[in-house]
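Asks: Sharing my_file_30.cif below, mmCIF, C-alpha atoms:
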data_final
#
loop_
_atom_site.label_atom_id
_atom_site.label_comp_id
_atom_site.auth_asym_id
_atom_site.auth_seq_id
_atom_site.Cartn_x
_atom_site.Cartn_y
_atom_site.Cartn_z
CA MET P 808 120.76 38.05 85.90
CA ALA P 809 119.05 40.73 87.94
CA VAL P 810 122.33 42.55 88.30
CA ASN P 811 122.94 42.44 84.55
CA VAL P 812 119.45 43.73 83.77
CA ARG P 813 119.90 46.57 86.26
CA SER P 814 123.29 47.41 84.74
CA VAL P 815 121.88 47.43 81.20
CA GLY P 816 119.00 49.64 82.32
CA ALA P 817 121.40 52.10 83.95
CA ARG P 818 123.51 52.27 80.78
CA LEU P 819 120.43 52.84 78.63
CA TRP P 820 119.31 55.62 80.96
CA VAL P 821 122.72 57.31 80.86
CA THR P 822 122.82 56.98 77.08
CA ALA P 823 119.33 58.49 76.75
CA VAL P 824 120.28 61.42 79.00
CA TRP P 825 123.44 62.14 77.05
CA ALA P 826 121.61 61.82 73.72
CA THR P 827 118.95 64.28 74.89
CA MET P 828 121.57 66.76 76.10
CA ILE P 829 123.55 66.51 72.86
CA PHE P 830 120.38 66.94 70.79
CA PHE P 831 119.43 70.05 72.81
CA VAL P 832 122.91 71.61 72.58
CA VAL P 833 123.23 70.91 68.84
CA ASN P 834 119.82 72.46 68.12
CA LEU P 835 120.62 75.49 70.28
CA LEU P 836 123.95 76.06 68.54
CA ALA P 837 122.30 75.57 65.15
CA MET P 838 119.68 78.24 65.90
CA ILE P 839 122.33 80.69 67.12
CA ALA P 840 124.48 79.99 64.06
CA ALA P 841 121.48 80.55 61.78
CA VAL P 842 120.75 83.94 63.34
CA VAL P 843 124.41 85.00 63.13
CA MET P 844 124.74 83.90 59.50
CA SER P 845 121.48 85.62 58.60
CA SER P 846 122.73 88.89 60.12
CA PHE P 847 125.64 88.85 57.64
CA ALA P 848 123.74 87.44 54.66
CA THR P 849 123.05 89.46 51.54
CA ARG P 850 120.37 86.93 50.56
CA TRP P 851 119.49 83.51 51.95
CA LEU P 852 116.74 81.51 50.25
CA ARG P 853 116.35 77.73 49.91
CA SER P 854 120.02 76.89 50.39
CA TRP P 855 122.31 75.73 53.18
CA PHE P 856 124.40 78.90 53.07
CA PRO P 857 123.73 82.54 52.11
CA ASP P 858 124.47 83.83 48.63
CA GLY P 859 126.91 86.38 50.05
CA TYR P 860 127.94 88.25 53.17
CA THR P 861 127.80 91.90 54.17
CA LEU P 862 128.01 94.18 57.22
CA ARG P 863 125.38 96.64 56.05
CA TRP P 864 122.59 95.07 58.12
CA TYR P 865 124.35 96.13 61.30
CA SER P 866 124.52 99.75 60.21
CA SER P 867 120.89 99.49 59.06
CA ALA P 868 119.80 98.07 62.44
CA TRP P 869 121.81 100.72 64.26
CA ALA P 870 119.98 103.49 62.39
CA GLU P 871 116.52 101.91 62.18
CA PHE P 872 116.25 100.80 65.81
CA GLN P 873 118.40 103.62 67.28
CA LEU P 874 120.65 101.12 69.02
CA ASP P 875 122.85 103.85 70.51
CA GLU P 876 119.90 105.23 72.50
CA LEU P 877 118.70 101.73 73.40
CA LEU P 878 122.12 100.73 74.70
CA LEU P 879 122.39 103.96 76.67
CA VAL P 880 118.97 103.45 78.31
CA THR P 881 119.76 99.77 78.92
CA PHE P 882 123.01 100.49 80.73
CA GLN P 883 121.48 103.37 82.70
CA ILE P 884 118.77 101.05 84.00
CA VAL P 885 121.16 98.16 84.55
CA GLY P 886 123.70 100.40 86.29
CA ALA P 887 121.09 101.78 88.68
CA VAL P 888 119.75 98.28 89.46
CA VAL P 889 123.27 96.96 90.10
CA LEU P 890 124.23 99.90 92.34
CA ILE P 891 121.06 99.84 94.45
CA SER P 892 121.10 96.04 94.68
CA GLY P 893 124.64 96.18 96.02
CA LEU P 894 123.95 98.95 98.53
CA VAL P 895 120.86 97.17 99.88
CA GLY P 896 121.68 93.50 99.29
CA VAL P 897 125.20 93.26 100.74
CA PRO P 898 124.32 94.68 104.21
CA ALA P 899 121.14 92.59 104.22
CA ALA P 900 123.17 89.47 103.37
CA TYR P 901 125.56 90.25 106.22
CA ALA P 902 122.68 90.59 108.66
CA MET P 903 121.12 87.33 107.44
CA ALA P 904 124.42 85.45 107.66
CA ARG P 905 125.57 86.75 111.04
CA ARG P 906 122.39 87.30 113.04
CA GLU P 907 119.79 84.91 114.40
CA PHE P 908 116.35 86.42 114.91
CA ALA P 909 112.73 85.39 115.13
CA GLY P 910 111.20 84.85 111.71
CA LYS P 911 114.51 84.36 109.90
CA ARG P 912 113.19 81.38 107.95
CA LEU P 913 110.15 83.39 106.90
CA VAL P 914 112.44 86.17 105.65
CA MET P 915 114.47 83.59 103.71
CA LEU P 916 111.26 82.29 102.14
CA LEU P 917 110.25 85.82 101.12
CA LEU P 918 113.69 86.31 99.57
CA LEU P 919 113.36 83.09 97.60
CA LEU P 920 109.87 83.78 96.26
CA PRO P 921 110.83 86.39 93.59
CA LEU P 922 113.49 83.99 92.32
CA LEU P 923 111.33 80.86 92.30
CA VAL P 924 108.02 82.33 91.12
CA PRO P 925 107.74 83.26 87.40
CA PRO P 926 108.13 87.06 87.04
CA VAL P 927 104.81 87.41 85.23
CA THR P 928 102.87 86.22 88.29
CA TYR P 929 103.95 89.21 90.38
CA GLY P 930 104.94 91.46 87.49
CA ILE P 931 101.36 92.20 86.41
CA PRO P 932 100.11 93.42 89.83
CA LEU P 933 103.43 95.22 90.35
CA ALA P 934 103.03 97.01 87.01
CA THR P 935 99.46 97.94 87.95
CA VAL P 936 100.66 99.55 91.18
CA LEU P 937 103.44 101.40 89.38
CA TYR P 938 101.10 102.79 86.74
CA GLN P 939 98.60 103.87 89.39
CA SER P 940 101.38 105.69 91.24
CA GLY P 941 102.63 107.41 88.08
CA LEU P 942 105.89 105.43 87.83
CA GLY P 943 104.73 103.09 85.10
CA GLY P 944 106.38 103.70 81.76
CA THR P 945 109.27 105.59 83.35
CA MET P 946 112.87 104.61 83.89
CA GLY P 947 112.32 104.73 87.66
CA GLY P 948 109.47 102.25 87.39
CA VAL P 949 111.60 99.84 85.37
CA ILE P 950 114.39 100.11 87.95
CA LEU P 951 112.01 99.45 90.86
CA ALA P 952 110.49 96.45 89.10
CA ASN P 953 113.90 94.90 88.41
CA LEU P 954 115.00 95.45 92.01
CA VAL P 955 112.33 93.00 93.23
CA PRO P 956 114.28 89.90 92.12
CA SER P 957 117.74 91.53 92.07
CA VAL P 958 118.07 92.43 95.76
CA PRO P 959 117.13 88.90 96.96
CA PHE P 960 119.53 87.48 94.38
CA VAL P 961 122.41 89.53 95.81
CA VAL P 962 121.49 88.45 99.34
CA LEU P 963 121.44 84.76 98.46
CA VAL P 964 124.68 84.90 96.47
CA MET P 965 126.54 86.90 99.12
CA MET P 966 125.54 84.79 102.13
CA PRO P 967 127.93 81.88 101.34
CA PHE P 968 130.81 84.34 100.90
CA ILE P 969 130.05 85.98 104.25
CA GLU P 970 129.64 82.67 106.08
CA GLN P 971 133.09 81.56 104.86
CA ILE P 972 134.70 84.42 106.82
CA ASP P 973 135.62 83.38 110.35
CA PRO P 974 133.77 85.59 112.89
CA LYS P 975 137.00 85.60 114.92
CA VAL P 976 138.50 87.93 112.29
CA GLU P 977 135.81 90.49 113.01
CA ALA P 978 136.16 89.96 116.75
CA ALA P 979 139.92 90.57 116.50
CA ALA P 980 139.35 93.80 114.57
CA ARG P 981 136.89 94.95 117.23
CA LEU P 982 139.42 94.06 119.92
CA PHE P 983 142.01 96.32 118.28
CA GLY P 984 139.60 99.25 118.31
CA ALA P 985 137.97 99.12 114.87
CA ASN P 986 134.54 100.70 114.79
CA THR P 987 131.76 99.51 112.50
CA PHE P 988 132.87 101.67 109.56
CA LYS P 989 136.53 100.64 109.81
CA LEU P 990 135.56 97.00 110.25
CA PHE P 991 133.50 97.14 107.10
CA ALA P 992 135.91 99.26 105.03
CA TYR P 993 139.26 97.71 105.99
CA VAL P 994 138.38 94.13 106.93
CA LEU P 995 135.14 92.95 105.32
CA VAL P 996 135.27 94.76 101.96
CA PRO P 997 138.68 93.30 100.92
CA LEU P 998 137.54 89.81 101.96
CA LEU P 999 134.12 90.10 100.34
CA LEU P 1000 135.19 91.89 97.16
CA PRO P 1001 135.21 88.75 94.94
CA GLY P 1002 131.72 87.86 96.13
CA VAL P 1003 130.43 91.42 95.70
CA LEU P 1004 131.80 91.61 92.16
CA ALA P 1005 130.37 88.19 91.33
CA SER P 1006 126.89 88.97 92.63
CA LEU P 1007 126.73 92.39 90.96
CA LEU P 1008 127.96 91.07 87.62
CA LEU P 1009 125.36 88.31 87.75
CA VAL P 1010 122.69 90.90 88.58
CA LEU P 1011 123.89 92.89 85.58
CA VAL P 1012 123.49 89.88 83.28
CA ARG P 1013 120.08 89.03 84.77
CA THR P 1014 118.81 92.59 84.35
CA ILE P 1015 119.97 92.84 80.74
CA ALA P 1016 118.14 89.60 80.01
CA MET P 1017 115.04 90.37 82.12
CA PHE P 1018 112.15 90.66 79.67
CA GLU P 1019 108.91 90.19 81.59
CA LEU P 1020 109.26 92.85 84.29
CA THR P 1021 110.83 95.36 81.91
CA PHE P 1022 108.21 94.76 79.23
CA LEU P 1023 105.35 95.26 81.71
CA THR P 1024 106.71 98.51 83.16
CA ALA P 1025 108.67 100.17 80.31
CA GLY P 1026 107.48 103.07 78.19
CA PRO P 1027 108.68 104.44 74.84
CA THR P 1028 111.70 106.14 76.43
CA SER P 1029 112.55 103.42 78.96
CA GLN P 1030 112.82 100.30 76.81
CA THR P 1031 115.84 98.07 77.21
CA LEU P 1032 117.45 96.23 74.33
CA VAL P 1033 115.55 92.97 74.91
CA VAL P 1034 112.15 94.74 74.92
CA ALA P 1035 113.02 96.70 71.79
CA LEU P 1036 114.02 93.44 70.12
CA TYR P 1037 110.60 91.97 70.94
CA TYR P 1038 108.82 94.97 69.43
CA ALA P 1039 111.05 94.78 66.34
CA VAL P 1040 110.00 91.18 65.76
CA PHE P 1041 106.26 91.50 66.44
CA ALA P 1042 105.43 95.13 65.64
CA ALA P 1043 103.40 95.96 62.54
CA GLY P 1044 105.25 96.82 59.37
CA VAL P 1045 107.76 95.20 57.03
CA ARG P 1046 111.35 94.91 58.26
CA ALA P 1047 114.30 93.06 56.82
CA VAL P 1048 114.86 89.82 58.69
CA GLN P 1049 118.63 90.33 58.48
CA SER P 1050 118.33 93.69 60.24
CA ILE P 1051 116.39 92.15 63.13
CA ASP P 1052 118.90 89.31 63.30
CA ALA P 1053 121.72 91.86 63.49
CA MET P 1054 119.96 93.47 66.44
CA ALA P 1055 119.60 90.04 68.06
CA VAL P 1056 123.32 89.38 67.61
CA VAL P 1057 124.16 92.70 69.30
CA TYR P 1058 121.95 91.66 72.21
CA MET P 1059 123.51 88.18 72.44
CA VAL P 1060 127.06 89.50 72.31
CA THR P 1061 126.35 92.15 74.94
CA THR P 1062 124.88 89.59 77.33
CA LEU P 1063 127.58 86.98 76.60
CA ILE P 1064 130.44 89.39 77.30
CA TRP P 1065 129.09 90.27 80.74
CA LEU P 1066 128.30 86.62 81.51
CA VAL P 1067 131.87 85.55 80.69
CA ILE P 1068 133.22 88.35 82.90
CA ALA P 1069 130.90 87.27 85.73
CA LEU P 1070 131.96 83.62 85.51
CA ARG P 1071 135.60 84.67 85.90
CA PHE P 1072 134.76 85.96 89.38
CA VAL P 1073 132.37 83.30 90.63
CA ASN P 1074 132.10 79.55 90.66
CA PRO P 1075 128.39 78.66 90.21
CA THR P 1076 128.71 75.97 92.89
CA GLN P 1077 129.43 78.66 95.49
CA ILE P 1078 125.79 79.77 95.27
CA VAL P 1079 124.59 76.42 96.64
CA THR P 1080 127.37 75.74 99.18
CA ARG P 1081 125.37 77.45 101.91
CA ALA P 1082 122.92 74.57 101.97
CA LYS P 1083 125.81 72.14 102.54
CA GLN P 1084 127.32 74.27 105.27
CA GLN P 1085 124.11 74.61 107.30
CA PRO P 1086 124.21 72.44 110.45
CA ALA P 1087 121.33 70.10 111.05
CA HIS P 1088 118.79 71.35 113.59
#
Represent the structure contained in this file as structure tokens.
Replies:
Amino acid sequence: MAVNVRSVGARLWVTAVWATMIFFVVNLLAMIAAVVMSSFATRWLRSWFPDGYTLRWYSSAWAEFQLDELLLVTFQIVGAVVLISGLVGVPAAYAMARREFAGKRLVMLLLLLPLLVPPVTYGIPLATVLYQSGLGGTMGGVILANLVPSVPFVVLVMMPFIEQIDPKVEAAARLFGANTFKLFAYVLVPLLLPGVLASLLLVLVRTIAMFELTFLTAGPTSQTLVVALYYAVFAAGVRAVQSIDAMAVVYMVTTLIWLVIALRFVNPTQIVTRAKQQPAH
């Protein structure tokens, strides 16, 4: 009887988990569908479906919110964050994966903190420092703020890729006379290219979606699309809901495209394989 009760309890638990997940997914898809339909609706009041459909809200949002300038600023900031994160994060990941040194665990903890702690907790003092130094409200300040979580993210994503490469390959290249530059350019880069692309694409998606740090450090000329969307929703004045929804759809599509591209290069389970590969001490 005890076995049967335990089995029934397990089934009820599994059923409750699946029901909760399905409820969450259905509500999420319903909200997204509502925003998309509203962005095409001519009028939508007290009915399941809009009275008609039109594309004019997208042209209206493009002109009203100056989406061309917002997209340009967004990709300038994102491009700079991705480039600097790669230049700093990949060598740092190689050093962390290949070298043992005193305080390595402390360094790992410091790398994890910006990813585990909510951005607001360190974003406010960071924004204060940037404004005091004259970088607040500028594109450079936004880039520096976004680098705080982006560089550690690249390091942590790249370490499993680097650890999967047999050190004997590097030793053989050294034996045949390859210097550090040739070893990196002709041996490591081809082997690490999938991991580098994966980490940088994920940084790109994270930076596009990063609201807190960008909101705290951006000025009128350094707003990204997500910050401009927030101001469009909560700023004073009367705006057509469909126009704001059209702007939200542009943001969702932009982020989704880059996320799909990123997932073609990386398996999410690779990010956690390092923990499984670590030998017990």
Asks: Which residues are close to Glu977 (chain P), i.e. within 12 Å by only C-alpha atoms, leaving aside same-chain residues fewer than 6 positions away? Reply as a PyMOL selection string.
Replies: chain P and resi 905+969+983-987+989-996+998
Asks: Next, dump the selected residues to file, keeping only C-alpha atoms, as a tab-separated table (two decimals), in the coordinates of the input.
Replies:
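Listed below is the output, selection28.tsv:
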chain	number	residue	atom	x	y	z
P	905	ARG	CA	125.57	86.75	111.04
P	969	ILE	CA	130.05	85.98	104.25
P	983	PHE	CA	142.01	96.32	118.28
P	984	GLY	CA	139.60	99.25	118.31
P	985	ALA	CA	137.97	99.12	114.87
P	986	ASN	CA	134.54	100.70	114.79
P	987	THR	CA	131.76	99.51	112.50
P	989	LYS	CA	136.53	100.64	109.81
P	990	LEU	CA	135.56	97.00	110.25
P	991	PHE	CA	133.50	97.14	107.10
P	992	ALA	CA	135.91	99.26	105.03
P	993	TYR	CA	139.26	97.71	105.99
P	994	VAL	CA	138.38	94.13	106.93
P	995	LEU	CA	135.14	92.95	105.32
P	996	VAL	CA	135.27	94.76	101.96
P	998	LEU	CA	137.54	89.81	101.96
Asks: Between CA of Ala1035 (chain P) and CA of Ser940 (chain P), what is the distance, to one decimal in Å?
Replies: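 So the two atoms, CA of Ala1035 (chain P) and CA of Ser940 (chain P), lie 24.4 Å apart.
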Asks: Between CA of Thr1021 (chain P) and CA of Gly944 (chain P), what distance in Å does the model show, to one decimal?
Replies: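 Interatomic distance here is 9.5 Å.
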Asks: Which residues, written as number ranges by chain, have at least one atom at most 6 Å from region 950-958 of chain P, with all atoms listed in the file counted and residues fewer than 5 positions away on the same chain left out?
Replies: P: 884, 888, 892, 896, 921-922
Asks: Can you list, as a ChimeraX atom specification, the residues that the PyMOL selection byres ((chain P and resi 845) around 9) selects here?
Replies: /P:840-844,846-851,857,860,1048-1050,1052-1053
Asks: Please write as a list in words the full residue list that the PyMOL selection byres ((chain P and resi 868-876) around 7) yields on this file.
Replies: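 This file gives the following for the PyMOL selection byres ((chain P and resi 868-876) around 7): Trp864, Tyr865, Ser866, Ser867, Leu877, Leu878, Leu879, Val880, Ser1050, Ile1051, Ala1053 and Met1054 of chain P.
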Asks: Store the residues picked out above in a file with C-alpha atoms, as a PDB file, in the coordinates of the input.
Replies:
ATOM      1  CA  TRP P 864     122.590  95.070  58.120  1.00  0.00           C
ATOM      2  CA  TYR P 865     124.350  96.130  61.300  1.00  0.00           C
ATOM      3  CA  SER P 866     124.520  99.750  60.210  1.00  0.00           C
ATOM      4  CA  SER P 867     120.890  99.490  59.060  1.00  0.00           C
ATOM      5  CA  LEU P 877     118.700 101.730  73.400  1.00  0.00           C
ATOM      6  CA  LEU P 878     122.120 100.730  74.700  1.00  0.00           C
ATOM      7  CA  LEU P 879     122.390 103.960  76.670  1.00  0.00           C
ATOM      8  CA  VAL P 880     118.970 103.450  78.310  1.00  0.00           C
ATOM      9  CA  SER P1050     118.330  93.690  60.240  1.00  0.00           C
ATOM     10  CA  ILE P1051     116.390  92.150  63.130  1.00  0.00           C
ATOM     11  CA  ALA P1053     121.720  91.860  63.490  1.00  0.00           C
ATOM     12  CA  MET P1054     119.960  93.470  66.440  1.00  0.00           C
TER      13      MET P1054
END
Asks: Take the PyMOL selection byres ((chain P and resi 946) around 10), apply it to the structure above, and return the hits as a ChimeraX atom specification.
Replies: /P:880-881,883-884,887,942-945,947-952,1021,1024-1031
Asks: Tell me, in Å to one decimal, how far CA of Leu862 (chain P) is from CA of Leu1036 (chain P).
Replies: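 If I compute the distance from CA of Leu862 (chain P) to CA of Leu1036 (chain P), I get 19.0 Å.
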Asks: Which one of P:Leu918, P:Val1010, P:Met828, P:Ala934 sits closest to Leu890 (chain P) if you count only C-alpha atoms?
Replies: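 Of P:Leu918, P:Val1010, P:Met828, P:Ala934, the one nearest Leu890 (chain P) is P:Val1010, counting only C-alpha atoms.
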Asks: Rank nothing, just name the residue among P:Tyr1058, P:Phe968, P:Phe882, P:Phe1041 nearest to Val897 (chain P), using only C-alpha atoms.
Replies: P:Phe968
Asks: Rank nothing, just name the residue among P:Ala979, P:Leu1023, P:Met966, P:Leu1009 nearest to Thr928 (chain P), using all atoms listed in the file.
Replies: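 Nearest to Thr928 (chain P): P:Leu1023.
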Asks: From the list P:Val927, P:Val1060, P:Val964, P:Val889, which residue is nearest Leu1008 (chain P) when using all atoms listed in the file?
Replies: P:Val889
Asks: Taking all atoms listed in the file into account, which of P:Leu933, P:Val1012, P:Ala1039, P:Met1017 comes nearest Trp1065 (chain P)?
Replies: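 Checking each of P:Leu933, P:Val1012, P:Ala1039, P:Met1017 against Trp1065 (chain P), counting all atoms listed in the file, the winner is P:Val1012.
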Asks: Can you spit out region 865-914 of chain P with C-alpha atoms, as a PDB file, in the first residue's frame, from the structure just given?
Replies:
ATOM      1  CA  TYR P 865       4.552  50.147 -38.163  1.00  0.00           C
ATOM      2  CA  SER P 866       5.227  53.167 -40.350  1.00  0.00           C
ATOM      3  CA  SER P 867       3.753  55.373 -37.617  1.00  0.00           C
ATOM      4  CA  ALA P 868       6.019  53.809 -34.963  1.00  0.00           C
ATOM      5  CA  TRP P 869       9.014  54.094 -37.274  1.00  0.00           C
ATOM      6  CA  ALA P 870       8.429  57.844 -37.678  1.00  0.00           C
ATOM      7  CA  GLU P 871       7.219  58.657 -34.154  1.00  0.00           C
ATOM      8  CA  PHE P 872       9.918  56.784 -32.240  1.00  0.00           C
ATOM      9  CA  GLN P 873      12.686  57.232 -34.861  1.00  0.00           C
ATOM     10  CA  LEU P 874      13.323  53.506 -34.976  1.00  0.00           C
ATOM     11  CA  ASP P 875      16.066  53.854 -37.583  1.00  0.00           C
ATOM     12  CA  GLU P 876      18.187  55.911 -35.171  1.00  0.00           C
ATOM     13  CA  LEU P 877      17.306  53.634 -32.240  1.00  0.00           C
ATOM     14  CA  LEU P 878      18.321  50.529 -34.166  1.00  0.00           C
ATOM     15  CA  LEU P 879      21.556  52.191 -35.273  1.00  0.00           C
ATOM     16  CA  VAL P 880      22.466  53.185 -31.693  1.00  0.00           C
ATOM     17  CA  THR P 881      21.426  49.747 -30.424  1.00  0.00           C
ATOM     18  CA  PHE P 882      23.660  47.880 -32.847  1.00  0.00           C
ATOM     19  CA  GLN P 883      26.560  50.284 -32.307  1.00  0.00           C
ATOM     20  CA  ILE P 884      26.423  49.621 -28.567  1.00  0.00           C
ATOM     21  CA  VAL P 885      25.837  45.899 -28.999  1.00  0.00           C
ATOM     22  CA  GLY P 886      28.619  45.611 -31.585  1.00  0.00           C
ATOM     23  CA  ALA P 887      31.130  47.347 -29.307  1.00  0.00           C
ATOM     24  CA  VAL P 888      30.130  45.186 -26.319  1.00  0.00           C
ATOM     25  CA  VAL P 889      30.423  41.996 -28.382  1.00  0.00           C
ATOM     26  CA  LEU P 890      33.821  42.963 -29.831  1.00  0.00           C
ATOM     27  CA  ILE P 891      35.382  44.011 -26.516  1.00  0.00           C
ATOM     28  CA  SER P 892      33.876  41.022 -24.688  1.00  0.00           C
ATOM     29  CA  GLY P 893      35.461  38.696 -27.230  1.00  0.00           C
ATOM     30  CA  LEU P 894      38.867  40.375 -27.158  1.00  0.00           C
ATOM     31  CA  VAL P 895      38.983  40.316 -23.353  1.00  0.00           C
ATOM     32  CA  GLY P 896      36.890  37.267 -22.489  1.00  0.00           C
ATOM     33  CA  VAL P 897      38.393  34.625 -24.802  1.00  0.00           C
ATOM     34  CA  PRO P 898      42.036  35.070 -23.626  1.00  0.00           C
ATOM     35  CA  ALA P 899      40.810  35.267 -20.027  1.00  0.00           C
ATOM     36  CA  ALA P 900      38.839  32.034 -20.504  1.00  0.00           C
ATOM     37  CA  TYR P 901      41.943  30.345 -21.921  1.00  0.00           C
ATOM     38  CA  ALA P 902      44.002  31.433 -18.922  1.00  0.00           C
ATOM     39  CA  MET P 903      41.312  30.226 -16.501  1.00  0.00           C
ATOM     40  CA  ALA P 904      40.959  26.873 -18.265  1.00  0.00           C
ATOM     41  CA  ARG P 905      44.662  26.110 -18.732  1.00  0.00           C
ATOM     42  CA  ARG P 906      46.390  27.664 -15.725  1.00  0.00           C
ATOM     43  CA  GLU P 907      46.291  26.866 -12.034  1.00  0.00           C
ATOM     44  CA  PHE P 908      47.106  29.780  -9.753  1.00  0.00           C
ATOM     45  CA  ALA P 909      46.502  30.959  -6.224  1.00  0.00           C
ATOM     46  CA  GLY P 910      43.080  32.528  -5.806  1.00  0.00           C
ATOM     47  CA  LYS P 911      41.556  30.884  -8.883  1.00  0.00           C
ATOM     48  CA  ARG P 912      38.365  29.998  -7.028  1.00  0.00           C
ATOM     49  CA  LEU P 913      38.054  33.574  -5.814  1.00  0.00           C
ATOM     50  CA  VAL P 914      38.403  34.814  -9.403  1.00  0.00           C
TER      51      VAL P 914
END
